[in-house]
Amino acid sequence: IFLFYIYFFLFSSIGYGIKFSNLINKNLININLGWYGIIGFLLISLISVFTSFFVPHNFLHNFILHIIGFIFFCSSMLRKKNYYEFKILFYLSLLLIIGAFVFKNHDDFSYYHLTYALNLSENSFIVGTGNFSHGFRTFSSLFYYHSTLFFPFIDYHLFHIGPFYILVFFNFIIVKRLIGNLKSNNHDIIFYFSLLSIIFVNIVFYRIGEHGTDRSSQILLFLLFLLFLKISFTKNTSQILTAFFLMVILVALSASIKAIYYLYFVLPLIILLKKKLFYELLEKRNFIFFLIIFLSIGLNLATYYLNTGCFLYPAEKTCLFETAWSIPKEEVKLMSIHYEWWAKAGGGPGYTHELEKHEYIKNFVWLENWIERHFFNKVSDTLFGTVFLCFLVIISFCYLSKKKTKIFKKDNKLVYFLILFFLIEWFLNHPSMRYGGFVLIGLPLIIFSASIIIKFNISKKKVFNLTVFFVILSIVIFNLRNVTRINKEIDVYGYKPFTSPFFYVENVESKLIAEDKDLKIFSPIKNSCWGSKTPCSYYPNLKISNFLWMKMVLRK
């Protein structure tokens, strides 16, 4: 049952991507199954957000949604007979399937990730959900995607699987690109960038249960920069347009998962200006594409607003109008300070800095403590690990290889400048690894290493053998780290991956705190909401009202 549903939802996502890519734009017709999967993931999330305003994501809703996607997938496979790509996808997903077996999820999962998605499965959208607690104020399309996975026998036990799909799609896209480059003997900077990226992602992001809403977006950003490099080094208009559309899709999906990544729309905007794509984009055939992107952004912002009264919580300046369900502006400001304080290592499990939060985050007062508590060992481990990884790959490819006397130099200054820009923004505002640190530390080292390797004249056989070796090595390390993790979960928690492969959910007692004839609101008696009755609130003083055709939650 567990494995059947994993592949059923996987193929459904790809099916939506295949069907709608053909409608969105002709440039997206010949992309591979990994890209189709990402597009389908975005579309299902978009459909989920839209339908949540009218119906709960119960079995009937979800069955109709995913059976349509599965039919799209099957009909496309039969029509195109693209069995080669299907085999690669299937075998690759099997090699990574151990990552889907999770017993212990991250701390926020029990607090609001699980119950947020479960609430969408059991109730239609409730205006003012942000009044349940601060966790319910942070919209993520990942919760909406997961809410469509509520099915008989499995219930909510695949509400962690979205990041696994992102990882599979990423691996497929990179492996397919590496295979194509090896066949064409095109070992350019993008080839080595792809190779180093797959090694980094599979080793660093091996633990699916820890992804939350943070790491999946960072995986997508590796693909975003890959496309940016590709566009920078090609003059083929068709390839540029295809890569541009995919870049916009990647940013839209990343930002829908975590709002801080809206900033990365800078990249496709630069491509738009640099490559002068205005006239091509104004063609009528691009209307559906931009409609979907604007719908995605618009629905995301509308959901934020209907949850909190702010278009981008906790940015106080986006709280433009006072509404009955609004989070008070003073509280929004305090939470904004709290998030920055936390990201700058002002507090955590078992410690808190003696300064007041608003004083701590000013004028680099936080820097010394951040270096002590976050740079060592979270940032430093990633930094030194990436340096070692890049050094190992450089030595392996360049040892005994002759340096080229002439080489076509590609200018990477713009890429480095953009990474530096994002890195400075990250460091000044939210210098936590989970808020973009992994990708911003890994990217410059990976691009620099790739630019070194291409300066050497390496034999075709050596490139092939080392590429296969490092891809296999990354997957082996991914599996070994997950085997170690699962063994620990078996020993410590009594996990039974072969007979009961579901994640742990605490049996929580809850009490009724508000009700009307159509809705009841519950609150946990102690601890977190977990998978208790929904909607579940941590704030007890609530009342229920009506808003248009929906229910609305207000503070008393």
# chains A, B, ... in the order shown; residues from 1 in each chain; ligands from 1
>>> residues_around(residues="Cys310 of chain A", least_positions_apart="6", cutoff="12 Å", atoms="only C-alpha atoms", output="MDAnalysis selection string")
chainID A and resid 128 130 137:139 300:304 316:323 325:329 331:333
>>> select_by_dssp(residues="segment 126-287 of chain A", states="strand (DSSP E or B)", output="ChimeraX atom specification")
/A:126-127,151,155
>>> write_last_selection(atoms="all heavy atoms", output="short mmCIF file (atom, residue, chain, number, x, y, z; two decimals), in the first residue's frame")
data_model
loop_
_atom_site.label_atom_id
_atom_site.label_comp_id
_atom_site.auth_asym_id
_atom_site.auth_seq_id
_atom_site.Cartn_x
_atom_site.Cartn_y
_atom_site.Cartn_z
N ILE A 126 -10.64 27.98 5.78
CA ILE A 126 -11.18 28.78 6.88
C ILE A 126 -10.44 30.10 6.92
O ILE A 126 -9.21 30.14 7.08
CB ILE A 126 -11.04 28.05 8.23
CG1 ILE A 126 -11.75 26.70 8.18
CG2 ILE A 126 -11.57 28.91 9.37
CD1 ILE A 126 -11.46 25.81 9.38
N VAL A 127 -11.14 31.20 6.76
CA VAL A 127 -10.53 32.52 6.82
C VAL A 127 -10.07 32.80 8.25
O VAL A 127 -10.78 32.51 9.21
CB VAL A 127 -11.54 33.60 6.36
CG1 VAL A 127 -10.94 34.99 6.49
CG2 VAL A 127 -11.99 33.33 4.93
N PHE A 151 -5.78 9.47 1.43
CA PHE A 151 -6.45 8.36 0.75
C PHE A 151 -6.73 7.24 1.75
O PHE A 151 -6.10 7.17 2.81
CB PHE A 151 -5.55 7.82 -0.38
CG PHE A 151 -5.84 8.41 -1.73
CD1 PHE A 151 -5.52 9.74 -2.01
CD2 PHE A 151 -6.42 7.65 -2.73
CE1 PHE A 151 -5.78 10.29 -3.25
CE2 PHE A 151 -6.68 8.18 -3.98
CZ PHE A 151 -6.36 9.50 -4.25
N ASP A 155 -4.25 7.16 4.80
CA ASP A 155 -4.66 8.37 5.54
C ASP A 155 -3.70 9.53 5.25
O ASP A 155 -3.52 9.90 4.11
CB ASP A 155 -4.75 8.07 7.03
CG ASP A 155 -5.87 7.08 7.34
OD1 ASP A 155 -6.85 7.04 6.58
OD2 ASP A 155 -5.76 6.35 8.34
#
>>> atom_distance(atom1="atom CA of Phe375 of chain A", atom2="atom CA of Leu428 of chain A")
14.1 Å
>>> residues_around(residues="Pro152 of chain A", least_positions_apart="4", cutoff="12 Å", atoms="only C-alpha atoms", output="PDB file with N, CA, C and O atoms, in the first residue's frame")
ATOM      1  N   ILE A   1       0.846  -1.203   0.000  1.00  0.00           N
ATOM      2  CA  ILE A   1       0.000   0.000   0.000  1.00  0.00           C
ATOM      3  C   ILE A   1       0.881   1.253   0.000  1.00  0.00           C
ATOM      4  O   ILE A   1       0.672   2.173  -0.783  1.00  0.00           O
ATOM      5  N   PHE A   2       1.878   1.276   0.867  1.00  0.00           N
ATOM      6  CA  PHE A   2       2.786   2.417   0.985  1.00  0.00           C
ATOM      7  C   PHE A   2       3.469   2.697  -0.352  1.00  0.00           C
ATOM      8  O   PHE A   2       3.453   3.831  -0.852  1.00  0.00           O
ATOM      9  N   TYR A   5       0.991   3.745  -3.376  1.00  0.00           N
ATOM     10  CA  TYR A   5       0.562   5.140  -3.343  1.00  0.00           C
ATOM     11  C   TYR A   5       1.709   6.091  -3.718  1.00  0.00           C
ATOM     12  O   TYR A   5       1.492   7.105  -4.393  1.00  0.00           O
ATOM     13  N   ASN A  58     -10.993  15.708   0.577  1.00  0.00           N
ATOM     14  CA  ASN A  58     -11.302  14.365   1.066  1.00  0.00           C
ATOM     15  C   ASN A  58     -11.002  13.334  -0.016  1.00  0.00           C
ATOM     16  O   ASN A  58     -10.461  13.659  -1.082  1.00  0.00           O
ATOM     17  N   PHE A  59     -11.367  12.099   0.245  1.00  0.00           N
ATOM     18  CA  PHE A  59     -11.038  11.015  -0.679  1.00  0.00           C
ATOM     19  C   PHE A  59     -11.614  11.257  -2.064  1.00  0.00           C
ATOM     20  O   PHE A  59     -10.932  11.045  -3.075  1.00  0.00           O
ATOM     21  N   LEU A  60     -12.863  11.714  -2.153  1.00  0.00           N
ATOM     22  CA  LEU A  60     -13.498  11.913  -3.458  1.00  0.00           C
ATOM     23  C   LEU A  60     -12.749  12.969  -4.268  1.00  0.00           C
ATOM     24  O   LEU A  60     -12.427  12.755  -5.447  1.00  0.00           O
ATOM     25  N   ASN A  62      -9.652  13.999  -3.896  1.00  0.00           N
ATOM     26  CA  ASN A  62      -8.295  13.569  -4.204  1.00  0.00           C
ATOM     27  C   ASN A  62      -8.260  12.448  -5.232  1.00  0.00           C
ATOM     28  O   ASN A  62      -7.360  12.398  -6.082  1.00  0.00           O
ATOM     29  N   PHE A  63      -9.249  11.547  -5.162  1.00  0.00           N
ATOM     30  CA  PHE A  63      -9.305  10.449  -6.133  1.00  0.00           C
ATOM     31  C   PHE A  63      -9.505  11.005  -7.543  1.00  0.00           C
ATOM     32  O   PHE A  63      -8.810  10.597  -8.489  1.00  0.00           O
ATOM     33  N   TYR A 156      -3.059  10.055   6.301  1.00  0.00           N
ATOM     34  CA  TYR A 156      -2.148  11.191   6.131  1.00  0.00           C
ATOM     35  C   TYR A 156      -0.681  10.766   6.153  1.00  0.00           C
ATOM     36  O   TYR A 156       0.216  11.598   6.295  1.00  0.00           O
ATOM     37  N   HIS A 157      -0.399   9.486   6.004  1.00  0.00           N
ATOM     38  CA  HIS A 157       0.966   8.998   6.210  1.00  0.00           C
ATOM     39  C   HIS A 157       1.902   9.211   5.022  1.00  0.00           C
ATOM     40  O   HIS A 157       3.026   8.677   5.025  1.00  0.00           O
ATOM     41  N   LEU A 158       1.456   9.952   4.030  1.00  0.00           N
ATOM     42  CA  LEU A 158       2.382  10.403   2.987  1.00  0.00           C
ATOM     43  C   LEU A 158       2.448  11.930   2.941  1.00  0.00           C
ATOM     44  O   LEU A 158       2.830  12.507   1.923  1.00  0.00           O
TER      45      LEU A 158
END
>>> closest_residue(among="A:Phe265, A:Phe153, A:Phe469, A:Phe448", to="Phe422 of chain A", atoms="only C-alpha atoms")
A:Phe265
>>> residues_around(residues="Leu299 of chain A", least_positions_apart="3", cutoff="8 Å", atoms="only C-alpha atoms", output="list of chain:residue names")
A:Leu46, A:Val49, A:Phe50, A:Leu295, A:Ser296, A:Ala302, A:Thr303
>>> residues_around(residues="Gly15 of chain A", least_positions_apart="4", cutoff="10 Å", atoms="only C-alpha atoms", output="list in words")
Phe9, Leu10, Phe11, Lys19, Phe20, Ser21, Leu33, Tyr36, Gly37, Ile39, Gly40, Phe41, His66, Ile67, Ile68, Gly69, Phe70, Ile71, Phe72, Phe73, Cys74, Ser75, Ser76 and Met77 of chain A
>>> write_last_selection(atoms="N, CA and C atoms", output="mmCIF file, in the first residue's frame")
data_model
loop_
_atom_site.group_PDB
_atom_site.id
_atom_site.type_symbol
_atom_site.label_atom_id
_atom_site.label_comp_id
_atom_site.auth_asym_id
_atom_site.auth_seq_id
_atom_site.Cartn_x
_atom_site.Cartn_y
_atom_site.Cartn_z
ATOM 1 N N PHE A 9 1.003 8.603 -6.896
ATOM 2 C CA PHE A 9 1.062 10.058 -6.824
ATOM 3 C C PHE A 9 2.219 10.614 -7.663
ATOM 4 N N LEU A 10 3.317 9.877 -7.711
ATOM 5 C CA LEU A 10 4.458 10.300 -8.525
ATOM 6 C C LEU A 10 4.065 10.393 -9.997
ATOM 7 N N PHE A 11 3.409 9.339 -10.506
ATOM 8 C CA PHE A 11 3.006 9.310 -11.911
ATOM 9 C C PHE A 11 1.895 10.323 -12.197
ATOM 10 N N LYS A 19 0.580 16.797 -19.652
ATOM 11 C CA LYS A 19 -0.632 17.298 -20.293
ATOM 12 C C LYS A 19 -0.618 18.819 -20.419
ATOM 13 N N PHE A 20 -0.275 19.490 -19.346
ATOM 14 C CA PHE A 20 -0.387 20.935 -19.353
ATOM 15 C C PHE A 20 0.815 21.622 -19.985
ATOM 16 N N SER A 21 1.965 20.947 -20.047
ATOM 17 C CA SER A 21 3.110 21.541 -20.741
ATOM 18 C C SER A 21 2.798 21.736 -22.212
ATOM 19 N N LEU A 33 10.920 13.860 -18.337
ATOM 20 C CA LEU A 33 9.941 13.512 -17.299
ATOM 21 C C LEU A 33 10.210 14.215 -15.975
ATOM 22 N N TYR A 36 8.677 17.578 -16.335
ATOM 23 C CA TYR A 36 7.224 17.389 -16.292
ATOM 24 C C TYR A 36 6.752 17.200 -14.851
ATOM 25 N N GLY A 37 7.544 16.457 -14.069
ATOM 26 C CA GLY A 37 7.179 16.220 -12.676
ATOM 27 C C GLY A 37 7.130 17.502 -11.867
ATOM 28 N N ILE A 39 6.671 20.586 -13.073
ATOM 29 C CA ILE A 39 5.526 21.367 -13.544
ATOM 30 C C ILE A 39 4.230 20.801 -12.978
ATOM 31 N N GLY A 40 4.103 19.465 -12.982
ATOM 32 C CA GLY A 40 2.911 18.823 -12.421
ATOM 33 C C GLY A 40 2.759 19.084 -10.941
ATOM 34 N N PHE A 41 3.868 19.092 -10.219
ATOM 35 C CA PHE A 41 3.858 19.393 -8.791
ATOM 36 C C PHE A 41 3.288 20.786 -8.553
ATOM 37 N N HIS A 66 -6.197 12.842 -8.730
ATOM 38 C CA HIS A 66 -5.024 12.022 -9.059
ATOM 39 C C HIS A 66 -5.306 10.946 -10.095
ATOM 40 N N ILE A 67 -6.529 10.474 -10.192
ATOM 41 C CA ILE A 67 -6.811 9.489 -11.241
ATOM 42 C C ILE A 67 -6.736 10.149 -12.610
ATOM 43 N N ILE A 68 -7.120 11.425 -12.685
ATOM 44 C CA ILE A 68 -6.985 12.172 -13.942
ATOM 45 C C ILE A 68 -5.508 12.305 -14.303
ATOM 46 N N GLY A 69 -4.677 12.669 -13.314
ATOM 47 C CA GLY A 69 -3.244 12.793 -13.561
ATOM 48 C C GLY A 69 -2.632 11.474 -13.966
ATOM 49 N N PHE A 70 -3.068 10.380 -13.339
ATOM 50 C CA PHE A 70 -2.535 9.050 -13.661
ATOM 51 C C PHE A 70 -2.928 8.641 -15.086
ATOM 52 N N ILE A 71 -4.157 8.975 -15.472
ATOM 53 C CA ILE A 71 -4.607 8.682 -16.845
ATOM 54 C C ILE A 71 -3.795 9.493 -17.850
ATOM 55 N N PHE A 72 -3.540 10.766 -17.536
ATOM 56 C CA PHE A 72 -2.686 11.597 -18.396
ATOM 57 C C PHE A 72 -1.327 10.932 -18.593
ATOM 58 N N PHE A 73 -0.756 10.423 -17.489
ATOM 59 C CA PHE A 73 0.563 9.795 -17.551
ATOM 60 C C PHE A 73 0.541 8.546 -18.425
ATOM 61 N N CYS A 74 -0.428 7.678 -18.167
ATOM 62 C CA CYS A 74 -0.506 6.408 -18.912
ATOM 63 C C CYS A 74 -0.748 6.648 -20.399
ATOM 64 N N SER A 75 -1.647 7.559 -20.726
ATOM 65 C CA SER A 75 -1.948 7.824 -22.135
ATOM 66 C C SER A 75 -0.739 8.413 -22.846
ATOM 67 N N SER A 76 0.017 9.239 -22.150
ATOM 68 C CA SER A 76 1.219 9.822 -22.747
ATOM 69 C C SER A 76 2.289 8.769 -22.978
ATOM 70 N N MET A 77 2.461 7.860 -22.027
ATOM 71 C CA MET A 77 3.447 6.800 -22.177
ATOM 72 C C MET A 77 3.094 5.887 -23.355
#
>>> closest_residue(among="A:Ile189, A:Leu418, A:Leu229, A:Val492", to="Ile453 of chain A", atoms="only C-alpha atoms")
A:Ile189
>>> select_by_dssp(residues="segment 295-326 of chain A", states="alpha helix (DSSP H)", output="list in words")
Leu295, Ser296, Ile297, Gly298, Leu299, Asn300, Leu301, Ala302, Thr303, Tyr304, Tyr305, Leu306, Asn307 and Thr308 of chain A
>>> write_last_selection(atoms="N, CA and C atoms", output="short mmCIF file (atom, residue, chain, number, x, y, z; two decimals), in the first residue's frame")
data_model
loop_
_atom_site.label_atom_id
_atom_site.label_comp_id
_atom_site.auth_asym_id
_atom_site.auth_seq_id
_atom_site.Cartn_x
_atom_site.Cartn_y
_atom_site.Cartn_z
N LEU A 295 -1.65 33.27 -11.61
CA LEU A 295 -2.62 32.63 -10.73
C LEU A 295 -1.93 32.05 -9.51
N SER A 296 -0.78 31.40 -9.74
CA SER A 296 -0.03 30.81 -8.64
C SER A 296 0.37 31.88 -7.63
N ILE A 297 0.97 32.97 -8.13
CA ILE A 297 1.41 34.05 -7.23
C ILE A 297 0.20 34.70 -6.56
N GLY A 298 -0.85 34.97 -7.36
CA GLY A 298 -2.04 35.63 -6.82
C GLY A 298 -2.73 34.82 -5.75
N LEU A 299 -2.88 33.51 -5.98
CA LEU A 299 -3.53 32.65 -4.99
C LEU A 299 -2.68 32.52 -3.73
N ASN A 300 -1.35 32.49 -3.91
CA ASN A 300 -0.47 32.43 -2.74
C ASN A 300 -0.64 33.66 -1.87
N LEU A 301 -0.61 34.84 -2.50
CA LEU A 301 -0.74 36.09 -1.75
C LEU A 301 -2.13 36.23 -1.13
N ALA A 302 -3.16 35.78 -1.89
CA ALA A 302 -4.53 35.85 -1.37
C ALA A 302 -4.68 34.94 -0.15
N THR A 303 -4.04 33.78 -0.20
CA THR A 303 -4.12 32.84 0.93
C THR A 303 -3.43 33.43 2.16
N TYR A 304 -2.25 34.02 1.95
CA TYR A 304 -1.59 34.72 3.04
C TYR A 304 -2.53 35.76 3.66
N TYR A 305 -3.16 36.55 2.78
CA TYR A 305 -4.02 37.64 3.26
C TYR A 305 -5.22 37.11 4.03
N LEU A 306 -5.86 36.07 3.50
CA LEU A 306 -7.05 35.52 4.16
C LEU A 306 -6.69 34.75 5.43
N ASN A 307 -5.43 34.37 5.57
CA ASN A 307 -4.98 33.73 6.80
C ASN A 307 -4.64 34.74 7.89
N THR A 308 -4.01 35.87 7.48
CA THR A 308 -3.38 36.75 8.46
C THR A 308 -3.77 38.22 8.34
#
>>> closest_residue(among="A:Tyr144, A:Tyr495, A:Trp342, A:Trp370", to="Ile47 of chain A", atoms="only C-alpha atoms")
A:Tyr144
>>> closest_residue(among="A:Ser532, A:Leu355, A:Lys551, A:Gly309", to="Glu509 of chain A", atoms="only C-alpha atoms")
A:Ser532
